[in-house]
file work_7.cif (mmCIF, C-alpha atoms)
data_input
#
loop_
_atom_site.group_PDB
_atom_site.id
_atom_site.type_symbol
_atom_site.label_atom_id
_atom_site.label_comp_id
_atom_site.auth_asym_id
_atom_site.auth_seq_id
_atom_site.Cartn_x
_atom_site.Cartn_y
_atom_site.Cartn_z
ATOM 1 C CA SER U 1 32.783 -12.213 52.553
ATOM 2 C CA ASP U 2 35.988 -14.216 52.474
ATOM 3 C CA TRP U 3 37.868 -11.545 54.412
ATOM 4 C CA TYR U 4 35.296 -11.615 57.211
ATOM 5 C CA VAL U 5 35.567 -15.398 57.516
ATOM 6 C CA LYS U 6 39.375 -15.248 57.606
ATOM 7 C CA GLU U 7 39.401 -12.531 60.278
ATOM 8 C CA LYS U 8 36.888 -14.352 62.485
ATOM 9 C CA THR U 9 38.781 -17.643 62.191
ATOM 10 C CA ASN U 10 42.099 -15.989 63.106
ATOM 11 C CA CYS U 11 40.470 -14.214 66.063
ATOM 12 C CA ARG U 12 39.043 -17.440 67.427
ATOM 13 C CA SER U 13 42.315 -19.321 67.121
ATOM 14 C CA THR U 14 44.100 -16.527 68.998
ATOM 15 C CA LEU U 15 41.708 -17.159 71.883
ATOM 16 C CA ILE U 16 41.832 -20.947 71.743
ATOM 17 C CA VAL U 17 45.638 -21.316 71.804
ATOM 18 C CA PRO U 18 46.195 -19.238 74.987
ATOM 19 C CA GLY U 19 43.272 -21.007 76.650
ATOM 20 C CA LEU U 20 44.867 -24.376 75.943
ATOM 21 C CA GLY U 21 48.214 -23.049 77.193
ATOM 22 C CA ILE U 22 46.793 -21.687 80.444
ATOM 23 C CA ALA U 23 45.001 -24.965 81.085
ATOM 24 C CA ALA U 24 48.174 -26.980 80.389
ATOM 25 C CA ILE U 25 50.301 -24.840 82.707
ATOM 26 C CA ALA U 26 47.729 -24.914 85.511
ATOM 27 C CA THR U 27 47.355 -28.674 85.171
ATOM 28 C CA GLY U 28 51.131 -29.165 85.177
ATOM 29 C CA MET U 29 51.535 -27.074 88.298
ATOM 30 C CA ARG U 30 48.956 -29.242 90.065
ATOM 31 C CA GLY U 31 51.147 -32.282 89.402
ATOM 32 C CA LEU U 32 54.259 -30.776 90.997
ATOM 33 C CA GLU U 33 53.128 -31.447 94.583
ATOM 34 C CA ILE U 34 54.696 -28.245 95.885
ATOM 35 C CA PHE U 35 51.646 -26.890 97.663
ATOM 36 C CA PRO U 36 51.391 -27.180 101.449
ATOM 37 C CA SER U 37 47.593 -26.992 101.429
ATOM 38 C CA ALA U 38 44.674 -27.778 99.148
ATOM 39 C CA LEU U 39 43.833 -24.124 98.438
ATOM 40 C CA PRO U 40 46.464 -23.479 95.718
ATOM 41 C CA PHE U 41 45.703 -26.879 94.183
ATOM 42 C CA THR U 42 42.006 -25.993 94.051
ATOM 43 C CA ALA U 43 42.762 -22.539 92.652
ATOM 44 C CA LEU U 44 44.793 -24.071 89.810
ATOM 45 C CA PHE U 45 41.948 -26.501 89.134
ATOM 46 C CA VAL U 46 39.549 -23.558 88.858
ATOM 47 C CA VAL U 47 41.980 -21.604 86.628
ATOM 48 C CA SER U 48 42.386 -24.493 84.197
ATOM 49 C CA HIS U 49 38.653 -25.051 83.949
ATOM 50 C CA LEU U 50 37.908 -21.333 83.587
ATOM 51 C CA ALA U 51 40.456 -21.097 80.767
ATOM 52 C CA ASN U 52 38.720 -23.952 78.994
ATOM 53 C CA ALA U 53 35.244 -22.608 79.713
ATOM 54 C CA ALA U 54 35.996 -19.009 78.740
ATOM 55 C CA LEU U 55 38.472 -19.319 75.864
ATOM 56 C CA VAL U 56 38.408 -22.796 74.336
ATOM 57 C CA THR U 57 34.933 -24.308 74.514
ATOM 58 C CA PRO U 58 32.859 -21.349 73.249
ATOM 59 C CA ASN U 59 35.218 -20.783 70.308
ATOM 60 C CA MET U 60 35.800 -24.329 69.073
ATOM 61 C CA THR U 61 32.484 -24.961 67.303
ATOM 62 C CA PRO U 62 32.363 -21.511 65.645
ATOM 63 C CA PHE U 63 35.990 -22.029 64.598
ATOM 64 C CA LEU U 64 35.038 -25.273 62.872
ATOM 65 C CA VAL U 65 32.008 -23.665 61.250
ATOM 66 C CA ASP U 66 34.128 -20.784 59.952
ATOM 67 C CA SER U 67 36.965 -22.969 58.717
ATOM 68 C CA THR U 68 34.996 -25.557 56.765
ATOM 69 C CA THR U 69 32.860 -25.363 53.679
ATOM 70 C CA GLU U 70 29.127 -25.812 53.980
ATOM 71 C CA GLU U 71 29.339 -29.319 52.529
ATOM 72 C CA GLN U 72 31.969 -30.402 55.090
ATOM 73 C CA ARG U 73 30.455 -28.680 58.115
ATOM 74 C CA ALA U 74 28.246 -31.488 59.456
ATOM 75 C CA GLN U 75 31.021 -34.052 59.115
ATOM 76 C CA ALA U 76 33.546 -31.750 60.822
ATOM 77 C CA LEU U 77 31.229 -31.106 63.775
ATOM 78 C CA ALA U 78 30.431 -34.813 64.119
ATOM 79 C CA MET U 79 34.148 -35.692 64.020
ATOM 80 C CA ARG U 80 34.888 -33.085 66.698
ATOM 81 C CA ASN U 81 32.221 -34.500 69.009
ATOM 82 C CA MET U 82 33.385 -38.060 68.381
ATOM 83 C CA ALA U 83 37.042 -37.133 69.014
ATOM 84 C CA GLN U 84 36.086 -35.356 72.235
ATOM 85 C CA ASP U 85 34.062 -38.332 73.495
ATOM 86 C CA VAL U 86 36.748 -40.865 72.575
ATOM 87 C CA GLY U 87 39.445 -38.629 74.104
ATOM 88 C CA VAL U 88 37.597 -38.297 77.397
ATOM 89 C CA LEU U 89 36.989 -42.039 77.659
ATOM 90 C CA SER U 90 40.418 -43.215 76.537
ATOM 91 C CA GLY U 91 42.162 -40.462 78.506
ATOM 92 C CA ALA U 92 40.442 -41.509 81.716
ATOM 93 C CA VAL U 93 41.412 -45.144 81.178
ATOM 94 C CA ALA U 94 45.002 -44.376 80.153
ATOM 95 C CA LEU U 95 45.664 -41.846 82.918
ATOM 96 C CA GLY U 96 44.047 -44.199 85.443
ATOM 97 C CA ALA U 97 46.529 -46.869 84.374
ATOM 98 C CA VAL U 98 49.419 -44.394 84.644
ATOM 99 C CA SER U 99 48.316 -43.318 88.116
ATOM 100 C CA GLN U 100 47.991 -46.950 89.196
ATOM 101 C CA ALA U 101 51.461 -47.795 87.848
ATOM 102 C CA VAL U 102 53.508 -44.781 88.901
ATOM 103 C CA GLY U 103 51.308 -42.401 90.868
ATOM 104 C CA VAL U 104 48.726 -39.645 90.617
ATOM 105 C CA PRO U 105 51.186 -36.718 90.215
ATOM 106 C CA GLU U 106 52.744 -38.409 87.209
ATOM 107 C CA ALA U 107 49.299 -38.953 85.668
ATOM 108 C CA ILE U 108 48.516 -35.261 86.170
ATOM 109 C CA MET U 109 51.809 -34.340 84.486
ATOM 110 C CA CYS U 110 50.954 -36.665 81.570
ATOM 111 C CA SER U 111 47.625 -34.890 81.239
ATOM 112 C CA ALA U 112 49.400 -31.512 81.201
ATOM 113 C CA GLY U 113 51.815 -32.776 78.566
ATOM 114 C CA LEU U 114 48.960 -33.963 76.360
ATOM 115 C CA GLN U 115 47.264 -30.586 76.762
ATOM 116 C CA ALA U 116 50.482 -28.824 75.757
ATOM 117 C CA LEU U 117 50.857 -31.090 72.710
ATOM 118 C CA THR U 118 47.275 -30.303 71.737
ATOM 119 C CA MET U 119 48.013 -26.582 72.013
ATOM 120 C CA VAL U 120 51.136 -26.871 69.831
ATOM 121 C CA PHE U 121 49.321 -28.996 67.250
ATOM 122 C CA PHE U 122 46.406 -26.572 67.102
ATOM 123 C CA ALA U 123 48.704 -23.541 66.895
ATOM 124 C CA LEU U 124 50.681 -25.070 64.018
ATOM 125 C CA ARG U 125 47.525 -26.103 62.159
ATOM 126 C CA THR U 126 45.858 -22.705 62.495
ATOM 127 C CA GLY U 127 48.822 -20.353 62.318
ATOM 128 C CA PRO U 128 49.421 -17.611 59.761
ATOM 129 C CA GLY U 129 49.386 -18.807 56.189
ATOM 130 C CA ARG U 130 46.786 -21.508 56.796
ATOM 131 C CA GLN U 131 43.680 -21.039 54.748
ATOM 132 C CA ARG U 132 40.217 -22.463 54.653
ATOM 133 C CA LYS U 133 39.457 -24.942 51.920
ATOM 134 C CA GLY U 134 36.962 -23.645 49.428
ATOM 135 C CA ILE U 135 37.800 -19.946 49.819
ATOM 136 C CA SER U 136 38.671 -17.969 46.726
ATOM 137 C CA ALA U 137 42.154 -16.790 45.829
ATOM 138 C CA GLU U 138 41.240 -13.270 46.954
ATOM 139 C CA GLU U 139 41.020 -14.459 50.566
ATOM 140 C CA GLY U 140 43.561 -12.051 52.011
ATOM 141 C CA ILE U 141 42.130 -8.982 50.319
ATOM 142 C CA HIS U 142 39.808 -6.798 52.364
ATOM 143 C CA HIS U 143 36.179 -6.680 51.306
ATOM 144 C CA GLY U 144 36.370 -3.109 49.990
ATOM 145 C CA GLU U 145 39.314 -3.958 47.769
ATOM 146 C CA VAL U 146 37.464 -6.979 46.398
ATOM 147 C CA GLU U 147 34.550 -4.755 45.426
ATOM 148 C CA GLU U 148 36.933 -2.351 43.680
ATOM 149 C CA LYS U 149 38.510 -5.196 41.694
ATOM 150 C CA LYS U 150 35.074 -6.478 40.645
ATOM 151 C CA GLU U 151 34.107 -3.020 39.334
ATOM 152 C CA LYS U 152 37.213 -2.810 37.079
#

call {"tool": "encode", "arguments": {"input": "work_7.cif", "output": "structure tokens"}}
result
Amino acid sequence: SDWYVKEKTNCRSTLIVPGLGIAAIATGMRGLEIFPSALPFTALFVVSHLANAALVTPNMTPFLVDSTTEEQRAQALAMRNMAQDVGVLSGAVALGAVSQAVGVPEAIMCSAGLQALTMVFFALRTGPGRQRKGISAEEGIHHGEVEEKKEK
């Protein structure tokens, strides 16, 4: 039902946004150069990747599936994969240039900033009041209430 789709989509976005935030904060802290040894740096690396692996990655594809119509689904998934591939390639080149020009810590901070911008963009695009294209006007009504309205 429409209610089920809306609830699942909201649940997934509430996992994706904190995952992006945790990854951005952990990445930013790695760029501060305040750690006397490699252990905290490595721990932050693990935290950022665990946040992505546990909260973001497993929820992104189902989020797209839930938030697109059946006709748009294949195109949306292809665009996501293309954007990810282009982002990885162009990000590596751009941050390599930044690290060459000004230093590795600054490149890490740029990466954290881009992650934070991604989190804000995603949160604004999926926040309350956003709705899936192609869903009926009764989207916010629980399934039981929809059945009652249909009987009347």

call {"tool": "resolve_selection", "arguments": {"input": "work_7.cif", "expression": "the PyMOL selection byres ((chain U and resi 91-107) around 8)", "output": "PDB file with C-alpha atoms, in the coordinates of the input"}}
result
ATOM      1  CA  ARG U  30      48.956 -29.242  90.065  1.00  0.00           C
ATOM      2  CA  GLY U  31      51.147 -32.282  89.402  1.00  0.00           C
ATOM      3  CA  LEU U  32      54.259 -30.776  90.997  1.00  0.00           C
ATOM      4  CA  GLU U  33      53.128 -31.447  94.583  1.00  0.00           C
ATOM      5  CA  GLY U  87      39.445 -38.629  74.104  1.00  0.00           C
ATOM      6  CA  VAL U  88      37.597 -38.297  77.397  1.00  0.00           C
ATOM      7  CA  LEU U  89      36.989 -42.039  77.659  1.00  0.00           C
ATOM      8  CA  SER U  90      40.418 -43.215  76.537  1.00  0.00           C
ATOM      9  CA  ILE U 108      48.516 -35.261  86.170  1.00  0.00           C
ATOM     10  CA  MET U 109      51.809 -34.340  84.486  1.00  0.00           C
ATOM     11  CA  CYS U 110      50.954 -36.665  81.570  1.00  0.00           C
ATOM     12  CA  SER U 111      47.625 -34.890  81.239  1.00  0.00           C
TER      13      SER U 111
END

call {"tool": "atom_distance", "arguments": {"input": "work_7.cif", "atom1": "atom CA of U:Val47", "atom2": "atom CA of U:Met29"}}
result
11.1 Å

call {"tool": "closest_residue", "arguments": {"input": "work_7.cif", "among": "U:Asn52, U:Thr126, U:Asn59, U:Ser37", "to": "U:Gly21", "atoms": "only C-alpha atoms"}}
result
U:Asn52

call {"tool": "axis_aligned_box", "arguments": {"input": "work_7.cif", "around": "stretch 107-116 of chain U", "padding_each_side": "5 Å", "output": "lines of an AutoDock Vina configuration file"}}
result
center_x = 49.5
center_y = -33.9
center_z = 81.0
size_x = 14.6
size_y = 20.1
size_z = 20.4

call {"tool": "closest_residue", "arguments": {"input": "work_7.cif", "among": "U:Ala78, U:Ala112, U:Val120, U:Thr57", "to": "U:Thr27", "atoms": "only C-alpha atoms"}}
result
U:Ala112

call {"tool": "resolve_selection", "arguments": {"input": "work_7.cif", "expression": "the PyMOL selection byres ((chain U and resi 60) around 10)", "output": "number ranges by chain"}}
result
U: 12-13, 15-16, 55-59, 61-66, 77, 80

call {"tool": "residues_around", "arguments": {"input": "work_7.cif", "residues": "U:Ala24", "least_positions_apart": "5", "cutoff": "9 Å", "atoms": "only C-alpha atoms", "output": "list in words"}}
result
Gly19, Met29, Ser48, Ser111, Ala112, Gly113, Leu114, Gln115, Ala116 and Met119 of chain U

call {"tool": "atom_distance", "arguments": {"input": "work_7.cif", "atom1": "atom CA of U:His49", "atom2": "atom CA of U:Phe121"}}
result
20.2 Å

call {"tool": "decode", "arguments": {"input": "work_7.cif", "residues": "stretch 102-117 of chain U", "atoms": "N, CA and C atoms", "output": "compact mmCIF listing (two decimals), in the first residue's frame"}}
result
# COMPACT_ATOMS: atom_id res chain seq x y z
N VAL U 102 48.03 21.84 -1.74
CA VAL U 102 48.05 22.41 -0.40
C VAL U 102 48.33 21.42 0.71
N GLY U 103 48.18 20.14 0.46
CA GLY U 103 48.51 19.15 1.48
C GLY U 103 47.41 18.12 1.68
N VAL U 104 47.80 16.99 2.24
CA VAL U 104 46.87 15.89 2.47
C VAL U 104 45.80 16.23 3.50
N PRO U 105 46.12 16.87 4.63
CA PRO U 105 45.06 17.19 5.60
C PRO U 105 43.96 18.07 5.00
N GLU U 106 44.35 18.99 4.16
CA GLU U 106 43.35 19.85 3.53
C GLU U 106 42.47 19.06 2.57
N ALA U 107 43.05 18.09 1.87
CA ALA U 107 42.26 17.24 0.97
C ALA U 107 41.28 16.39 1.78
N ILE U 108 41.72 15.91 2.93
CA ILE U 108 40.81 15.12 3.79
C ILE U 108 39.67 16.01 4.29
N MET U 109 39.98 17.25 4.64
CA MET U 109 38.93 18.17 5.09
C MET U 109 37.96 18.49 3.96
N CYS U 110 38.47 18.62 2.73
CA CYS U 110 37.59 18.83 1.57
C CYS U 110 36.66 17.65 1.39
N SER U 111 37.19 16.45 1.56
CA SER U 111 36.37 15.25 1.45
C SER U 111 35.28 15.25 2.52
N ALA U 112 35.63 15.63 3.74
CA ALA U 112 34.64 15.69 4.82
C ALA U 112 33.58 16.74 4.51
N GLY U 113 33.99 17.87 3.97
CA GLY U 113 33.03 18.91 3.60
C GLY U 113 32.07 18.45 2.53
N LEU U 114 32.58 17.73 1.53
CA LEU U 114 31.71 17.20 0.48
C LEU U 114 30.74 16.16 1.04
N GLN U 115 31.21 15.35 1.99
CA GLN U 115 30.32 14.38 2.63
C GLN U 115 29.23 15.10 3.42
N ALA U 116 29.59 16.16 4.11
CA ALA U 116 28.59 16.92 4.88
C ALA U 116 27.58 17.58 3.94
N LEU U 117 28.05 18.12 2.82
CA LEU U 117 27.12 18.71 1.85
C LEU U 117 26.17 17.66 1.28
